[in-house]
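Q: So here's query-v4.txt, just compact mmCIF, C-alpha atoms:
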```txt
# COMPACT_ATOMS: atom_id res chain seq x y z
CA ASN A 18 0.00 0.00 0.00
CA SER A 19 0.99 3.66 -0.23
CA ASN A 20 2.00 3.91 3.45
CA MET A 21 4.39 0.97 3.03
CA HIS A 22 6.01 2.57 -0.03
CA ILE A 23 6.40 5.87 1.81
CA SER A 24 8.01 4.06 4.76
CA LYS A 25 10.47 2.25 2.48
CA PHE A 26 11.33 5.51 0.72
CA LEU A 27 12.01 7.27 4.03
CA THR A 28 14.23 4.35 5.09
CA PHE A 29 16.17 4.68 1.83
CA LEU A 30 16.63 8.42 2.42
CA SER A 31 17.95 7.79 5.93
CA ILE A 32 20.48 5.28 4.55
CA ALA A 33 21.57 7.79 1.90
CA SER A 34 22.02 10.45 4.57
CA LEU A 35 24.13 8.08 6.65
CA ALA A 36 26.29 7.13 3.69
CA SER A 37 27.05 10.73 2.74
CA SER A 38 28.13 11.48 6.32
CA LEU A 39 30.57 8.59 6.71
CA PRO A 40 34.19 9.69 7.22
CA LEU A 41 37.05 8.90 4.89
CA ASN A 42 38.82 5.56 5.17
CA VAL A 43 36.07 3.84 7.14
CA THR A 44 36.11 0.08 6.82
CA VAL A 45 32.86 -1.70 7.52
CA GLY A 46 33.95 -5.23 8.32
CA CYS A 47 35.41 -7.59 5.78
CA ASP A 48 33.04 -6.92 2.90
CA PRO A 49 35.07 -5.24 0.11
CA GLU A 50 31.85 -3.64 -1.18
CA ALA A 51 31.57 -1.86 2.17
CA PHE A 52 35.06 -0.42 2.15
CA ILE A 53 34.76 3.31 1.55
CA GLN A 54 37.96 4.89 0.24
CA ILE A 55 36.85 8.24 -1.14
CA LYS A 56 33.54 10.02 -0.76
CA LYS A 57 33.01 10.40 -4.50
CA ASN A 58 29.28 11.02 -4.28
CA SER A 59 26.23 10.09 -2.23
CA VAL A 60 25.01 7.57 -4.84
CA ALA A 61 28.14 5.44 -4.53
CA ASN A 62 28.05 5.57 -0.75
CA THR A 63 24.32 4.76 -0.69
CA ARG A 64 25.07 1.65 -2.74
CA VAL A 65 27.73 0.60 -0.24
CA VAL A 66 25.50 1.04 2.81
CA SER A 67 22.52 -0.58 1.07
CA ASN A 68 24.66 -3.59 0.18
CA MET A 69 25.79 -3.85 3.78
CA TYR A 70 22.17 -3.79 4.96
CA ASN A 71 21.01 -6.50 2.54
CA TYR A 72 24.12 -8.52 3.29
CA GLN A 73 23.39 -8.64 7.00
CA ALA A 74 19.63 -9.06 6.79
CA SER A 75 20.00 -12.17 4.65
CA SER A 76 22.15 -13.95 7.22
CA PHE A 77 19.37 -14.94 9.62
CA ASN A 78 15.80 -14.22 10.65
CA SER A 79 16.20 -10.55 11.55
CA ASN A 80 12.72 -10.51 13.12
CA SER A 81 13.95 -12.70 15.97
CA ASN A 82 14.05 -10.84 19.27
CA SER A 83 16.43 -13.23 21.02
CA GLN A 84 19.58 -15.08 20.17
CA VAL A 85 19.92 -18.84 20.16
CA CYS A 86 21.30 -19.77 23.58
CA GLN A 87 22.82 -23.12 22.60
CA PRO A 88 26.62 -23.04 22.17
CA PHE A 89 27.99 -24.11 18.81
CA SER A 90 31.42 -25.45 17.92
CA ILE A 91 32.87 -27.05 14.83
CA ASP A 92 36.19 -28.81 14.26
CA PHE A 93 36.79 -28.81 10.52
CA GLY A 94 39.04 -31.85 10.86
CA SER A 95 35.93 -34.00 11.33
CA ALA A 96 33.32 -31.80 9.61
CA THR A 97 31.61 -32.89 6.41
CA ASP A 98 30.20 -29.44 5.65
CA PHE A 99 29.95 -25.92 7.06
CA SER A 100 26.21 -25.45 6.61
CA MET A 101 25.87 -23.40 9.82
CA PHE A 102 27.54 -20.58 7.90
CA ASP A 103 26.05 -18.80 4.91
CA VAL A 104 28.53 -17.89 2.18
CA GLU A 105 27.51 -14.39 1.17
CA TYR A 106 29.49 -14.17 -2.07
CA CYS A 107 32.10 -16.08 -4.09
CA PRO A 108 31.00 -19.48 -2.69
CA ASN A 109 33.71 -21.32 -4.63
CA ASN A 110 36.30 -19.52 -2.49
CA ALA A 111 35.20 -21.28 0.71
CA ARG A 112 35.83 -25.03 0.93
CA LEU A 113 36.91 -27.89 3.16
CA SER A 114 40.45 -29.02 2.40
CA ASN A 115 42.74 -31.37 4.35
CA GLY A 116 40.70 -31.05 7.54
CA LEU A 117 40.53 -27.25 7.40
CA LEU A 118 38.12 -24.58 6.22
CA GLN A 119 40.02 -22.82 3.45
CA LEU A 120 39.10 -19.25 2.47
CA ASP A 121 40.65 -18.23 -0.84
CA LEU A 122 41.43 -14.69 -1.94
CA THR A 123 41.71 -14.63 -5.73
CA LYS A 124 42.12 -11.79 -8.18
CA GLU A 125 38.36 -11.97 -8.82
CA CYS A 126 37.18 -11.86 -5.20
CA GLY A 127 37.58 -12.90 -1.59
CA THR A 128 34.78 -14.45 0.43
CA THR A 129 32.74 -13.87 3.59
CA LEU A 130 30.79 -16.35 5.73
CA ILE A 131 28.09 -15.51 8.29
CA TYR A 132 26.97 -17.66 11.21
CA ASN A 133 23.32 -18.29 10.43
CA GLN A 134 22.03 -17.75 13.97
CA PRO A 135 21.72 -14.35 15.66
CA ILE A 136 24.13 -13.55 18.46
CA ARG A 137 23.80 -10.42 20.59
CA ARG A 138 26.06 -11.22 23.54
CA GLY A 139 28.71 -13.90 23.71
CA ARG A 140 32.20 -15.06 22.83
CA VAL A 141 33.70 -16.42 19.63
CA ASP A 142 37.02 -18.32 19.41
CA VAL A 143 38.60 -19.03 16.02
CA VAL A 144 41.71 -21.18 15.56
CA MET A 145 43.19 -19.84 12.35
CA LYS A 146 46.13 -19.11 10.09
CA PRO A 147 45.32 -15.80 8.34
CA ALA A 148 46.07 -15.09 4.70
CA PRO A 149 49.70 -14.05 4.10
CA SER A 150 51.49 -11.28 2.20
CA SER A 151 50.93 -7.66 1.30
CA GLY A 152 47.38 -6.61 0.41
CA SER A 153 45.51 -9.52 1.97
CA VAL A 154 43.19 -8.84 4.92
CA THR A 155 41.62 -11.50 7.13
CA ALA A 156 38.80 -10.35 9.42
CA LEU A 157 36.54 -11.61 12.20
CA VAL A 158 33.54 -9.35 12.79
CA PHE A 159 30.65 -8.84 15.19
CA SER A 160 28.18 -6.46 13.54
CA GLY A 161 24.65 -5.14 13.78
CA PRO A 162 21.99 -3.48 11.62
CA PRO A 163 22.76 -0.11 10.02
CA PRO A 164 23.88 2.34 11.11
CA SER A 165 26.18 -0.45 12.15
CA ASP A 166 27.83 -1.11 15.48
CA GLU A 167 30.85 -3.30 14.81
CA ILE A 168 33.65 -5.12 16.65
CA ASP A 169 36.62 -6.37 14.61
CA ILE A 170 39.70 -8.50 14.71
CA GLU A 171 41.76 -7.85 11.58
CA PHE A 172 45.00 -9.30 10.33
CA VAL A 173 46.91 -7.51 7.57
CA GLY A 174 49.18 -9.87 5.65
CA ARG A 175 51.97 -7.35 5.15
CA ASP A 176 52.65 -7.42 8.91
CA PRO A 177 52.68 -11.04 10.17
CA THR A 178 53.80 -10.08 13.69
CA GLN A 179 50.65 -8.41 15.01
CA VAL A 180 46.87 -8.43 14.90
CA GLN A 181 44.55 -5.41 15.07
CA SER A 182 41.46 -4.72 17.18
CA MET A 183 38.95 -1.98 16.38
CA TYR A 184 35.31 -1.03 16.78
CA PHE A 185 32.62 1.25 15.33
CA VAL A 186 29.50 2.79 16.87
CA LYS A 187 26.60 3.62 14.54
CA GLY A 188 28.96 3.38 11.57
CA SER A 189 31.52 5.81 12.99
CA ARG A 190 34.98 5.08 14.27
CA ILE A 191 35.27 6.30 17.86
CA GLU A 192 39.03 5.76 18.11
CA LEU A 193 40.77 6.87 14.93
CA GLN A 194 43.54 4.29 15.22
CA SER A 195 43.34 0.52 15.63
CA GLN A 196 45.14 -1.08 18.53
CA PHE A 197 47.93 -3.48 17.56
CA HIS A 198 48.70 -6.64 19.50
CA SER A 199 52.05 -8.40 19.16
CA SER A 200 52.26 -12.06 18.21
CA PHE A 201 55.43 -12.56 20.30
CA PRO A 202 56.84 -15.18 20.66
CA VAL A 203 55.27 -16.19 17.32
CA SER A 204 57.34 -14.61 14.53
CA ASP A 205 54.86 -15.12 11.67
CA MET A 206 51.17 -15.62 12.42
CA THR A 207 50.45 -16.82 8.88
CA LYS A 208 52.61 -19.93 9.37
CA VAL A 209 51.10 -21.33 12.58
CA PHE A 210 47.62 -21.65 14.05
CA ASN A 211 46.67 -19.19 16.77
CA THR A 212 43.40 -18.65 18.62
CA TYR A 213 41.72 -15.30 17.99
CA SER A 214 38.78 -14.42 20.24
CA PHE A 215 36.43 -11.61 21.10
CA GLU A 216 33.66 -11.31 23.64
CA LEU A 217 30.75 -8.91 24.06
CA THR A 218 28.96 -8.52 27.39
CA ASP A 219 26.73 -5.75 28.73
CA LYS A 220 29.75 -4.36 30.59
CA ALA A 221 32.61 -4.61 28.10
CA VAL A 222 34.15 -5.83 24.86
CA ASN A 223 37.17 -8.09 25.36
CA TRP A 224 39.72 -9.18 22.75
CA PHE A 225 41.95 -12.23 23.29
CA LEU A 226 44.99 -13.75 21.58
CA ASN A 227 45.74 -17.39 22.42
CA GLY A 228 43.58 -17.09 25.52
CA ASP A 229 45.34 -13.99 26.85
CA LEU A 230 43.28 -10.83 27.29
CA VAL A 231 44.91 -8.14 25.12
CA ARG A 232 42.30 -5.39 25.25
CA THR A 233 39.14 -4.37 27.13
CA LEU A 234 36.67 -1.68 26.11
CA PRO A 235 34.39 -0.82 29.07
CA ASN A 236 30.79 0.19 28.45
CA LYS A 237 30.55 3.92 29.18
CA GLY A 238 27.31 4.48 27.29
CA SER A 239 25.66 3.80 23.94
CA LEU A 240 27.37 6.75 22.22
CA THR A 241 30.80 5.12 22.54
CA PHE A 242 30.03 1.41 23.02
CA PRO A 243 29.27 -1.03 20.15
CA GLY A 244 26.49 -2.91 21.93
CA ASP A 245 23.95 -3.29 19.10
CA ILE A 246 25.31 -6.53 17.63
CA THR A 247 23.30 -9.19 15.81
CA ASN A 248 25.70 -11.41 13.84
CA PHE A 249 29.16 -12.94 13.53
CA ARG A 250 30.95 -13.10 10.18
CA PHE A 251 34.44 -13.67 8.89
CA GLY A 252 36.36 -13.67 5.64
CA VAL A 253 39.25 -12.53 3.48
CA TRP A 254 39.42 -9.55 1.15
CA ASP A 255 41.79 -7.59 -1.07
CA GLY A 256 43.05 -4.47 0.68
CA SER A 257 45.14 -3.22 -2.25
CA ASN A 258 43.09 -0.02 -2.56
CA THR A 259 43.24 1.01 1.08
CA SER A 260 45.41 4.12 0.79
CA GLY A 261 48.48 1.99 1.42
CA TRP A 262 47.93 0.66 4.94
CA ALA A 263 47.21 -2.90 3.78
CA GLY A 264 49.79 -2.96 0.99
CA THR A 265 49.25 -4.23 -2.55
CA ILE A 266 48.79 -7.82 -3.70
CA ASP A 267 51.19 -9.22 -6.29
CA TRP A 268 48.87 -11.51 -8.23
CA SER A 269 51.74 -12.91 -10.29
CA ILE A 270 52.42 -15.38 -7.47
CA GLY A 271 48.82 -16.58 -7.32
CA SER A 272 45.98 -16.51 -4.81
CA ARG A 273 46.19 -16.23 -1.00
CA SER A 274 44.34 -18.35 1.56
CA ALA A 275 43.36 -18.26 5.21
CA PHE A 276 42.91 -21.59 7.01
CA ILE A 277 40.56 -22.21 9.93
CA LYS A 278 40.89 -25.27 12.13
CA SER A 279 37.91 -24.69 14.42
CA ILE A 280 35.28 -22.17 15.52
CA SER A 281 33.54 -22.01 18.90
CA ILE A 282 30.55 -19.73 19.50
CA LYS A 283 29.18 -19.31 23.02
CA PRO A 284 26.11 -17.05 23.34
CA TYR A 285 25.48 -15.35 26.68
CA CYS A 286 21.78 -15.49 27.53
```
Represent the structure contained in this file as structure tokens.

A:
Amino acid sequence: NSNMHISKFLTFLSIASLASSLPLNVTVGCDPEAFIQIKKNSVANTRVVSNMYNYQASSFNSNSNSQVCQPFSIDFGSATDFSMFDVEYCPNNARLSNGLLQLDLTKECGTTLIYNQPIRRGRVDVVMKPAPSSGSVTALVFSGPPPSDEIDIEFVGRDPTQVQSMYFVKGSRIELQSQFHSSFPVSDMTKVFNTYSFELTDKAVNWFLNGDLVRTLPNKGSLTFPGDITNFRFGVWDGSNTSGWAGTIDWSIGSRSAFIKSISIKPYC
């Protein structure tokens, strides 16, 4: 009916307004379509934010008011599929291989997977070797509906000695710089499996590396705390066009891959 069309149009206008106000060099998770380099015009940014919205809404029943309280874990060494995760694009780039979940980053595209149950509070542990070399980015993401709250763990292949933690509130970066966490005594995180974890409670966000707490963000209010989270996703993407901070991929030596041994998801209900 006409009221429904008016409502949808107003929603579209609000998304367009959000997109045009986003700052430079904002990364919205691991979706390369949502990586805004230059504010060329509001149409381009509206497309990015709209894609992000559709991308998240398709991952689970967004009308659900509560998360699934049952813990979930998968060891890919014994798994026959990964059907609890929806592959949002480039499905051929996610596959089981030699007892691992392999995520390929090719010249054509990377890939992103989303846990197909909502999670609003909880902890995720991922045992992983991220994708190596300059230009490749491997990301683990808690995110919510737009304007998106977001909690990230990111690994940039050009620097194999540290992992980054960052967060966004309503699509805006509260702290302009990521925090960097050393892999010591591991000299190259792309060559060995490490456990990357993050946890969201009502009181704080916690980031962990191999079980050690490396960062805590206390909840000081909704304006600075990314508490509106609805899903967990992860993937690999090409960061070659990121103003230099991720480096540039040399495709002459072929594709890059991240390898995941296991994932554990523990909702807090």

Q: What separation in Å, quoted to one decimal, exists between CA of Ser189 in chain A and CA of Pro164 in chain A?

A: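 Interatomic distance here is 8.6 Å.
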
Q: With a cut-off of 7 Å, could you pull out the residues of range 161-259 of chain A touching range 143-146 of chain A and give me the nearest pair of atoms for each, distance in Å to one decimal, using all atoms listed in the file, ordered by chain and ascending number, as a tab-separated table?

A:
```
residue	atom	partner	partner_atom	distance
A:Met206	CA	A:Lys146	CA	6.6
A:Thr207	CA	A:Lys146	CA	5.0
A:Lys208	CA	A:Lys146	CA	6.6
A:Val209	CA	A:Lys146	CA	6.0
A:Phe210	CA	A:Lys146	CA	4.9
A:Asn211	CA	A:Val144	CA	5.5
A:Thr212	CA	A:Val144	CA	4.3
A:Tyr213	CA	A:Val143	CA	5.2
A:Ser214	CA	A:Val143	CA	6.3
```

Q: Take the residues from that selection and put them in a file with C-alpha atoms, as a tab-separated table (two decimals), in the coordinates of the input.

A:
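Contents of out-v6.tsv, as written:
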```tsv
chain	number	residue	atom	x	y	z
A	206	MET	CA	51.17	-15.62	12.42
A	207	THR	CA	50.45	-16.82	8.88
A	208	LYS	CA	52.61	-19.93	9.37
A	209	VAL	CA	51.10	-21.33	12.58
A	210	PHE	CA	47.62	-21.65	14.05
A	211	ASN	CA	46.67	-19.19	16.77
A	212	THR	CA	43.40	-18.65	18.62
A	213	TYR	CA	41.72	-15.30	17.99
A	214	SER	CA	38.78	-14.42	20.24
```

Q: From the set A:Ala148, A:Val85, A:Leu130, A:Val141, which residue has the shortest atom-to-atom contact distance to Ile282 in chain A, counting all atoms listed in the file?

A: A:Val141

Q: My list of candidates is A:Tyr285, A:Phe276, A:Trp268, A:Phe251. Which is closest to Arg112 in chain A when distances are computed with all atoms listed in the file?

A: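 That would be A:Phe276, the residue with the smallest distance to Arg112 in chain A.
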
Q: Using only C-alpha atoms, which of the listed residues (A:Phe102, A:Phe201, A:Tyr184, A:Phe172) sits closest to Phe249 in chain A?

A: A:Phe102

Q: What is the CA of Asp169 in chain A to CA of Leu157 in chain A distance in Å?

A: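 Going from CA of Asp169 in chain A over to CA of Leu157 in chain A covers 5.8 Å.
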
Q: For the point (42.8, -19.0, -0.4) in file coordinates, what residues are within 9 Å, counting only C-alpha atoms? Give the answer as a ChimeraX atom specification?

A: /A:110-111,119-123,127,148,253,272-276

Q: Just the number, please: distance in Å from CA of Val231 in chain A to CA of Pro88 in chain A, one decimal.

A: 23.8 Å

Q: My list of candidates is A:Thr218, A:Leu117, A:Phe242, A:His198. Which is closest to Leu230 in chain A when distances are computed with only C-alpha atoms?

A: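 For Leu230 in chain A, the nearest of the candidates is A:His198.
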
Q: Select, counting only C-alpha atoms, all protein, DNA and RNA residues no farther than 12 Å from (40.8, 1.9, 28.9) in file coordinates, and express the selection as a compact mmCIF listing (two decimals) with C-alpha atoms, keeping the file's coordinate frame.

A:
```
# COMPACT_ATOMS: atom_id res chain seq x y z
CA GLU A 192 39.03 5.76 18.11
CA GLN A 196 45.14 -1.08 18.53
CA ALA A 221 32.61 -4.61 28.10
CA VAL A 222 34.15 -5.83 24.86
CA ASN A 223 37.17 -8.09 25.36
CA VAL A 231 44.91 -8.14 25.12
CA ARG A 232 42.30 -5.39 25.25
CA THR A 233 39.14 -4.37 27.13
CA LEU A 234 36.67 -1.68 26.11
CA PRO A 235 34.39 -0.82 29.07
CA ASN A 236 30.79 0.19 28.45
CA LYS A 237 30.55 3.92 29.18
```

Q: Missing atoms in range 268-280 of chain A: can you complete it with N, CA, C and O atoms, as a PDB file, in the coordinates of the input?

A:
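Generated output (selection_6.pdb):
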```
ATOM      1  N   TRP A 268      49.624 -10.354  -7.757  1.00  0.00           N
ATOM      2  CA  TRP A 268      48.870 -11.510  -8.230  1.00  0.00           C
ATOM      3  C   TRP A 268      49.702 -12.446  -9.101  1.00  0.00           C
ATOM      4  O   TRP A 268      49.250 -13.549  -9.425  1.00  0.00           O
ATOM      5  N   SER A 269      50.908 -12.043  -9.458  1.00  0.00           N
ATOM      6  CA  SER A 269      51.740 -12.910 -10.290  1.00  0.00           C
ATOM      7  C   SER A 269      52.150 -14.188  -9.565  1.00  0.00           C
ATOM      8  O   SER A 269      52.533 -15.174 -10.198  1.00  0.00           O
ATOM      9  N   ILE A 270      52.057 -14.172  -8.215  1.00  0.00           N
ATOM     10  CA  ILE A 270      52.420 -15.380  -7.470  1.00  0.00           C
ATOM     11  C   ILE A 270      51.186 -16.157  -7.020  1.00  0.00           C
ATOM     12  O   ILE A 270      51.286 -17.077  -6.208  1.00  0.00           O
ATOM     13  N   GLY A 271      50.016 -15.789  -7.559  1.00  0.00           N
ATOM     14  CA  GLY A 271      48.820 -16.580  -7.320  1.00  0.00           C
ATOM     15  C   GLY A 271      47.939 -16.067  -6.198  1.00  0.00           C
ATOM     16  O   GLY A 271      48.130 -14.963  -5.682  1.00  0.00           O
ATOM     17  N   SER A 272      46.962 -16.886  -5.819  1.00  0.00           N
ATOM     18  CA  SER A 272      45.980 -16.510  -4.810  1.00  0.00           C
ATOM     19  C   SER A 272      46.565 -16.641  -3.406  1.00  0.00           C
ATOM     20  O   SER A 272      47.642 -17.205  -3.207  1.00  0.00           O
ATOM     21  N   ARG A 273      45.822 -16.115  -2.414  1.00  0.00           N
ATOM     22  CA  ARG A 273      46.190 -16.230  -1.000  1.00  0.00           C
ATOM     23  C   ARG A 273      45.060 -16.975  -0.292  1.00  0.00           C
ATOM     24  O   ARG A 273      43.913 -16.933  -0.730  1.00  0.00           O
ATOM     25  N   SER A 274      45.373 -17.600   0.829  1.00  0.00           N
ATOM     26  CA  SER A 274      44.340 -18.350   1.560  1.00  0.00           C
ATOM     27  C   SER A 274      44.522 -18.200   3.056  1.00  0.00           C
ATOM     28  O   SER A 274      45.649 -18.158   3.563  1.00  0.00           O
ATOM     29  N   ALA A 275      43.396 -18.121   3.755  1.00  0.00           N
ATOM     30  CA  ALA A 275      43.360 -18.260   5.210  1.00  0.00           C
ATOM     31  C   ALA A 275      42.840 -19.659   5.519  1.00  0.00           C
ATOM     32  O   ALA A 275      42.024 -20.212   4.767  1.00  0.00           O
ATOM     33  N   PHE A 276      43.304 -20.233   6.631  1.00  0.00           N
ATOM     34  CA  PHE A 276      42.910 -21.590   7.010  1.00  0.00           C
ATOM     35  C   PHE A 276      42.375 -21.579   8.432  1.00  0.00           C
ATOM     36  O   PHE A 276      43.016 -21.045   9.339  1.00  0.00           O
ATOM     37  N   ILE A 277      41.203 -22.174   8.610  1.00  0.00           N
ATOM     38  CA  ILE A 277      40.560 -22.210   9.930  1.00  0.00           C
ATOM     39  C   ILE A 277      40.440 -23.658  10.376  1.00  0.00           C
ATOM     40  O   ILE A 277      39.907 -24.508   9.656  1.00  0.00           O
ATOM     41  N   LYS A 278      40.938 -23.922  11.578  1.00  0.00           N
ATOM     42  CA  LYS A 278      40.890 -25.270  12.130  1.00  0.00           C
ATOM     43  C   LYS A 278      39.587 -25.515  12.883  1.00  0.00           C
ATOM     44  O   LYS A 278      38.985 -26.588  12.778  1.00  0.00           O
ATOM     45  N   SER A 279      39.129 -24.520  13.643  1.00  0.00           N
ATOM     46  CA  SER A 279      37.910 -24.690  14.420  1.00  0.00           C
ATOM     47  C   SER A 279      37.310 -23.343  14.774  1.00  0.00           C
ATOM     48  O   SER A 279      38.006 -22.320  14.782  1.00  0.00           O
ATOM     49  N   ILE A 280      36.002 -23.359  15.073  1.00  0.00           N
ATOM     50  CA  ILE A 280      35.280 -22.170  15.520  1.00  0.00           C
ATOM     51  C   ILE A 280      34.382 -22.576  16.686  1.00  0.00           C
ATOM     52  O   ILE A 280      33.673 -23.586  16.614  1.00  0.00           O
TER      53      ILE A 280
END
```
